[in-house]
Amino acid sequence: MTPITTTEALRAFCERLADQPFITVDTEFMRETTYWPRLCLIQAASATDAAIIDPMADGLDLEPFLDLLRDPKIIKVFHAARQDTEIFVKLGAMPKPMFDTQVAAMAAGFGDQVSYEALVRQMLKQEVDKGSRFTDWARRPLSEAQLVYALGDVTHLAALYPKLRDRLQKDGRLDWVMSEMESLTDPAVYDTDPEKAWKRLKPKKFNAKYLSVFVATAVWRERTAQERDQPRGRILKDEAIDEIAAQGPTDPDAFNRLRSVPKGFGASRLGIELSAELKRVLADPEAFAPKLDRPAHNQPAPPSVVELLKVLLKAKSDNAGVATKLLANVADLEKIALDDDADVDALKGWRRQLFGEDALKLKRGEIALVLNGARVEVVEIE
């Protein structure tokens, strides 16, 4: 098997895929020691054609393939698409419209985050060879076995997609999955602007001094990780950001008294840089602190209500054949326990119809949960 290594060969392959209703896509990448994923292989297939693209080949222009990803007439099929999509967004090609078979499988009754291998086994009655799973995909040349393994990821997907799509269509759930795809292809999900990095974290306090340091440290860490192309956790752990915000160190030595900061950080160039940045924001915390509303509820969610909602959630997911995780998580249940108008997906759209309305009724005592054999059922209270 010979990967595509020239722009001419890639263009010819993409022309063959251009009139297909869908293509399946997978990538192999390395990012254990980097911030930015290093793209090593792209695998793509249709119902009739398949190939491996070597993005590390000298002189190869990926633009013909990126044009396919941008084409609104072609559905791009992935399994667990999040990291693959991140790579292509950075290359300027959001794969849209998209179909993620992992999300689809959760809606079709295959459980939470079903693996690709399990889905192939259950739907196609085939076994996936895992022998090359831990390959260093950046090494060249790759063996025939490694290439066959990589290509199998998309050829199996090409057989899976129509079956899974038709099953969801028959059950009236295809729209559920496509609504999830809108969220997955939201550019904001892949925004790596360092100035917004703090929004992915949860501040524990709301005074100006804490927030100004919290934001400045998160922004500095993200920018430094990107510039040095290192994982953000190698610069500072998330817990270190909270501790730094709580303590507000303004000189390098002060960092060495913090438990979550790496030993010797204060005397390093990074420690000196960060201490200078913190001095700057602490000179006027009010000017640098974001304006955040305090949580509406300071009290914890009633444990008994949350436990009841968990039972209802499990019953609803089991009875409907939908993965629990696709409906709601514990954080959602805690918010619903405290607020009938909580801003959570479980109280919106199809999730509200399937679970959210009954969750509110359970809180109000309008329904009860009863055990019928091994099955939990919902009954109206008259």
# chains A, B, ... in the order shown; residues from 1 in each chain; ligands from 1
call {"tool": "residues_around", "arguments": {"residues": "Arg351 (chain A)", "least_positions_apart": "6", "cutoff": "10 Å", "atoms": "only C-alpha atoms", "output": "VMD selection string"}}
result
chain A and resid 176 326 to 328 344 to 345 357
call {"tool": "residues_around", "arguments": {"residues": "Ala245 (chain A)", "least_positions_apart": "4", "cutoff": "7 Å", "atoms": "only C-alpha atoms", "output": "PyMOL selection string"}}
result
chain A and resi 210-211+213-214+241
call {"tool": "residues_around", "arguments": {"residues": "Asp171 (chain A)", "least_positions_apart": "2", "cutoff": "12 Å", "atoms": "only C-alpha atoms", "output": "VMD selection string"}}
result
chain A and resid 104 107 to 109 164 to 169 173 to 177 320 to 322
call {"tool": "residues_around", "arguments": {"residues": "region 64-76 of chain A", "least_positions_apart": "6", "cutoff": "6 Å", "atoms": "only C-alpha atoms", "output": "list of chain:residue names"}}
result
A:Arg11, A:Pro21, A:Phe22, A:Ile23, A:Thr24, A:Ala93, A:Pro95, A:Pro97, A:Met98
call {"tool": "closest_residue", "arguments": {"among": "A:Ile367, A:Leu39, A:Met30, A:Leu354", "to": "Glu382 (chain A)", "atoms": "only C-alpha atoms"}}
result
A:Ile367
call {"tool": "residues_around", "arguments": {"residues": "Gln83 (chain A)", "least_positions_apart": "5", "cutoff": "10 Å", "atoms": "only C-alpha atoms", "output": "ChimeraX atom specification"}}
result
/A:26-27,29,37,88-89,190
call {"tool": "write_last_selection", "arguments": {"atoms": "N, CA and C atoms", "output": "compact mmCIF listing (two decimals), in the first residue's frame"}}
result
# COMPACT_ATOMS: atom_id res chain seq x y z
N ASP A 26 -10.38 10.08 9.06
CA ASP A 26 -9.70 9.85 10.34
C ASP A 26 -8.30 10.43 10.22
N THR A 27 -7.66 10.67 11.33
CA THR A 27 -6.29 11.16 11.33
C THR A 27 -5.46 10.38 12.34
N PHE A 29 -2.12 11.39 14.70
CA PHE A 29 -1.33 12.55 15.08
C PHE A 29 -0.60 12.27 16.38
N PRO A 37 -1.23 19.69 17.87
CA PRO A 37 -1.09 18.31 17.38
C PRO A 37 -0.26 18.27 16.11
N PHE A 88 -8.22 20.10 11.69
CA PHE A 88 -8.64 20.68 10.42
C PHE A 88 -9.06 22.13 10.55
N VAL A 89 -9.64 22.50 11.69
CA VAL A 89 -9.97 23.90 11.92
C VAL A 89 -8.71 24.76 11.90
N TYR A 190 -13.40 25.55 19.19
CA TYR A 190 -11.99 25.34 18.83
C TYR A 190 -11.17 26.63 18.92
call {"tool": "residues_around", "arguments": {"residues": "Ala12 (chain A)", "least_positions_apart": "5", "cutoff": "12 Å", "atoms": "only C-alpha atoms", "output": "list in words"}}
result
Ile4, Thr6, Thr7, Leu17, Ala18, Asp49, Ala51, Pro64 and Phe65 of chain A
call {"tool": "atom_distance", "arguments": {"atom1": "CA of Pro3 (chain A)", "atom2": "CA of Ala158 (chain A)"}}
result
18.9 Å
call {"tool": "closest_atom_pairs", "arguments": {"of": "region 187-209 of chain A", "to": "region 273-285 of chain A", "cutoff": "10 Å", "atoms": "only C-alpha atoms", "output": "JSON lines"}}
result
{"residue": "A:Asn207", "atom": "CA", "partner": "A:Pro285", "partner_atom": "CA", "distance": 9.2}
{"residue": "A:Ala208", "atom": "CA", "partner": "A:Pro285", "partner_atom": "CA", "distance": 5.5}
{"residue": "A:Lys209", "atom": "CA", "partner": "A:Pro285", "partner_atom": "CA", "distance": 5.2}
call {"tool": "closest_residue", "arguments": {"among": "A:Arg259, A:Arg294, A:Arg269, A:Arg31", "to": "Lys204 (chain A)", "atoms": "only C-alpha atoms"}}
result
A:Arg294
call {"tool": "closest_residue", "arguments": {"among": "A:Ala315, A:Cys40, A:Ile336, A:Leu270", "to": "Pro302 (chain A)", "atoms": "only C-alpha atoms"}}
result
A:Ile336
call {"tool": "closest_atom_pairs", "arguments": {"of": "region 244-266 of chain A", "to": "region 215-238 of chain A", "cutoff": "9 Å", "atoms": "only C-alpha atoms", "output": "JSON lines"}}
result
{"residue": "A:Ile244", "atom": "CA", "partner": "A:Thr217", "partner_atom": "CA", "distance": 7.8}
{"residue": "A:Ala245", "atom": "CA", "partner": "A:Thr217", "partner_atom": "CA", "distance": 7.8}
{"residue": "A:Ser260", "atom": "CA", "partner": "A:Lys237", "partner_atom": "CA", "distance": 7.4}
{"residue": "A:Val261", "atom": "CA", "partner": "A:Leu236", "partner_atom": "CA", "distance": 6.9}
{"residue": "A:Pro262", "atom": "CA", "partner": "A:Leu236", "partner_atom": "CA", "distance": 7.6}
call {"tool": "write_last_selection", "arguments": {"atoms": "N, CA and C atoms", "output": "short mmCIF file (atom, residue, chain, number, x, y, z; two decimals), in the first residue's frame"}}
result
data_model
loop_
_atom_site.label_atom_id
_atom_site.label_comp_id
_atom_site.auth_asym_id
_atom_site.auth_seq_id
_atom_site.Cartn_x
_atom_site.Cartn_y
_atom_site.Cartn_z
N ILE A 244 -2.35 30.30 42.69
CA ILE A 244 -1.67 31.58 42.40
C ILE A 244 -2.66 32.73 42.54
N ALA A 245 -3.89 32.53 42.04
CA ALA A 245 -4.90 33.59 42.15
C ALA A 245 -5.25 33.87 43.60
N SER A 260 1.37 23.79 44.49
CA SER A 260 1.02 23.27 43.17
C SER A 260 1.92 23.77 42.05
N VAL A 261 2.88 24.62 42.40
CA VAL A 261 3.79 25.18 41.39
C VAL A 261 5.04 24.32 41.33
N PRO A 262 5.56 24.03 40.12
CA PRO A 262 6.75 23.18 40.01
C PRO A 262 7.93 23.73 40.80
#
call {"tool": "closest_residue", "arguments": {"among": "A:Met106, A:Leu41, A:Val128, A:Val370", "to": "Ser317 (chain A)", "atoms": "only C-alpha atoms"}}
result
A:Met106
call {"tool": "closest_residue", "arguments": {"among": "A:Lys163, A:Gln299, A:Met94, A:Ser143", "to": "Gln122 (chain A)", "atoms": "only C-alpha atoms"}}
result
A:Lys163
call {"tool": "atom_distance", "arguments": {"atom1": "CA of Ser268 (chain A)", "atom2": "CA of Asp251 (chain A)"}}
result
11.9 Å
call {"tool": "select_by_dssp", "arguments": {"residues": "region 226-321 of chain A", "states": "helix (DSSP H, G or I)", "output": "ChimeraX atom specification"}}
result
/A:226-228,232-235,238-247,252-255,269-282,285-288,303-320
call {"tool": "closest_residue", "arguments": {"among": "A:Ala81, A:Thr135, A:Lys199, A:Gln146", "to": "Leu184 (chain A)", "atoms": "only C-alpha atoms"}}
result
A:Ala81
call {"tool": "atom_distance", "arguments": {"atom1": "CA of Gly349 (chain A)", "atom2": "CA of Val189 (chain A)"}}
result
20.4 Å
call {"tool": "decode", "arguments": {"residues": "region 47-123 of chain A", "atoms": "C-alpha atoms", "output": "PDB file, in the first residue's frame"}}
result
ATOM      1  CA  ALA A  47     -18.299   3.822  -0.412  1.00  0.00           C
ATOM      2  CA  THR A  48     -16.094   2.933  -3.407  1.00  0.00           C
ATOM      3  CA  ASP A  49     -12.628   4.432  -2.852  1.00  0.00           C
ATOM      4  CA  ALA A  50     -10.086   4.866  -0.047  1.00  0.00           C
ATOM      5  CA  ALA A  51      -6.576   6.214   0.439  1.00  0.00           C
ATOM      6  CA  ILE A  52      -4.012   7.312   2.998  1.00  0.00           C
ATOM      7  CA  ILE A  53      -2.573  10.813   2.686  1.00  0.00           C
ATOM      8  CA  ASP A  54       0.887  11.587   4.080  1.00  0.00           C
ATOM      9  CA  PRO A  55       0.783  15.243   5.222  1.00  0.00           C
ATOM     10  CA  MET A  56       4.454  14.999   6.219  1.00  0.00           C
ATOM     11  CA  ALA A  57       5.535  14.439   2.598  1.00  0.00           C
ATOM     12  CA  ASP A  58       7.750  17.207   1.213  1.00  0.00           C
ATOM     13  CA  GLY A  59       5.884  19.609  -1.044  1.00  0.00           C
ATOM     14  CA  LEU A  60       2.430  18.103  -0.520  1.00  0.00           C
ATOM     15  CA  ASP A  61      -0.322  20.737  -0.615  1.00  0.00           C
ATOM     16  CA  LEU A  62      -3.368  19.584   1.382  1.00  0.00           C
ATOM     17  CA  GLU A  63      -5.673  22.189  -0.157  1.00  0.00           C
ATOM     18  CA  PRO A  64      -7.529  19.762  -2.497  1.00  0.00           C
ATOM     19  CA  PHE A  65      -8.519  17.666   0.518  1.00  0.00           C
ATOM     20  CA  LEU A  66      -9.327  20.690   2.659  1.00  0.00           C
ATOM     21  CA  ASP A  67     -11.672  21.841  -0.111  1.00  0.00           C
ATOM     22  CA  LEU A  68     -13.548  18.541   0.243  1.00  0.00           C
ATOM     23  CA  LEU A  69     -13.950  19.147   3.974  1.00  0.00           C
ATOM     24  CA  ARG A  70     -15.379  22.602   3.253  1.00  0.00           C
ATOM     25  CA  ASP A  71     -17.821  21.326   0.613  1.00  0.00           C
ATOM     26  CA  PRO A  72     -21.362  21.692   2.065  1.00  0.00           C
ATOM     27  CA  LYS A  73     -22.720  18.990  -0.272  1.00  0.00           C
ATOM     28  CA  ILE A  74     -20.569  16.222   1.241  1.00  0.00           C
ATOM     29  CA  ILE A  75     -21.192  14.798   4.723  1.00  0.00           C
ATOM     30  CA  LYS A  76     -17.929  14.197   6.581  1.00  0.00           C
ATOM     31  CA  VAL A  77     -18.124  11.113   8.802  1.00  0.00           C
ATOM     32  CA  PHE A  78     -15.825  10.696  11.833  1.00  0.00           C
ATOM     33  CA  HIS A  79     -15.777   8.594  14.970  1.00  0.00           C
ATOM     34  CA  ALA A  80     -15.102  10.742  18.073  1.00  0.00           C
ATOM     35  CA  ALA A  81     -14.480  13.769  15.883  1.00  0.00           C
ATOM     36  CA  ARG A  82     -13.374  16.381  18.432  1.00  0.00           C
ATOM     37  CA  GLN A  83      -9.585  16.134  18.052  1.00  0.00           C
ATOM     38  CA  ASP A  84      -9.685  15.476  14.307  1.00  0.00           C
ATOM     39  CA  THR A  85     -11.858  18.545  13.853  1.00  0.00           C
ATOM     40  CA  GLU A  86      -9.461  20.637  15.932  1.00  0.00           C
ATOM     41  CA  ILE A  87      -6.656  19.760  13.517  1.00  0.00           C
ATOM     42  CA  PHE A  88      -8.635  20.677  10.418  1.00  0.00           C
ATOM     43  CA  VAL A  89      -9.975  23.903  11.915  1.00  0.00           C
ATOM     44  CA  LYS A  90      -6.387  25.004  12.510  1.00  0.00           C
ATOM     45  CA  LEU A  91      -5.747  24.265   8.810  1.00  0.00           C
ATOM     46  CA  GLY A  92      -8.687  26.491   7.897  1.00  0.00           C
ATOM     47  CA  ALA A  93     -11.195  23.776   7.002  1.00  0.00           C
ATOM     48  CA  MET A  94     -14.128  23.143   9.327  1.00  0.00           C
ATOM     49  CA  PRO A  95     -15.540  19.733   8.266  1.00  0.00           C
ATOM     50  CA  LYS A  96     -19.174  20.671   7.797  1.00  0.00           C
ATOM     51  CA  PRO A  97     -21.708  19.092   7.567  1.00  0.00           C
ATOM     52  CA  MET A  98     -20.439  16.389   9.916  1.00  0.00           C
ATOM     53  CA  PHE A  99     -21.660  13.071  11.281  1.00  0.00           C
ATOM     54  CA  ASP A 100     -19.955  11.617  14.367  1.00  0.00           C
ATOM     55  CA  THR A 101     -20.622   7.895  14.697  1.00  0.00           C
ATOM     56  CA  GLN A 102     -19.771   7.936  18.409  1.00  0.00           C
ATOM     57  CA  VAL A 103     -22.495  10.491  19.134  1.00  0.00           C
ATOM     58  CA  ALA A 104     -24.838   8.640  16.773  1.00  0.00           C
ATOM     59  CA  ALA A 105     -24.163   5.359  18.568  1.00  0.00           C
ATOM     60  CA  MET A 106     -25.100   6.955  21.901  1.00  0.00           C
ATOM     61  CA  ALA A 107     -28.427   8.026  20.405  1.00  0.00           C
ATOM     62  CA  ALA A 108     -28.935   4.570  18.907  1.00  0.00           C
ATOM     63  CA  GLY A 109     -28.607   2.689  22.179  1.00  0.00           C
ATOM     64  CA  PHE A 110     -24.973   1.529  22.152  1.00  0.00           C
ATOM     65  CA  GLY A 111     -24.092   3.116  25.501  1.00  0.00           C
ATOM     66  CA  ASP A 112     -21.850   5.952  26.634  1.00  0.00           C
ATOM     67  CA  GLN A 113     -18.871   6.678  24.367  1.00  0.00           C
ATOM     68  CA  VAL A 114     -18.932   3.316  22.603  1.00  0.00           C
ATOM     69  CA  SER A 115     -15.524   2.514  21.123  1.00  0.00           C
ATOM     70  CA  TYR A 116     -14.963   2.278  17.402  1.00  0.00           C
ATOM     71  CA  GLU A 117     -13.927  -1.378  17.752  1.00  0.00           C
ATOM     72  CA  ALA A 118     -17.090  -2.264  19.687  1.00  0.00           C
ATOM     73  CA  LEU A 119     -19.294  -0.523  17.151  1.00  0.00           C
ATOM     74  CA  VAL A 120     -17.660  -2.370  14.251  1.00  0.00           C
ATOM     75  CA  ARG A 121     -18.047  -5.650  16.120  1.00  0.00           C
ATOM     76  CA  GLN A 122     -21.714  -5.111  16.917  1.00  0.00           C
ATOM     77  CA  MET A 123     -22.892  -3.586  13.649  1.00  0.00           C
TER      78      MET A 123
END
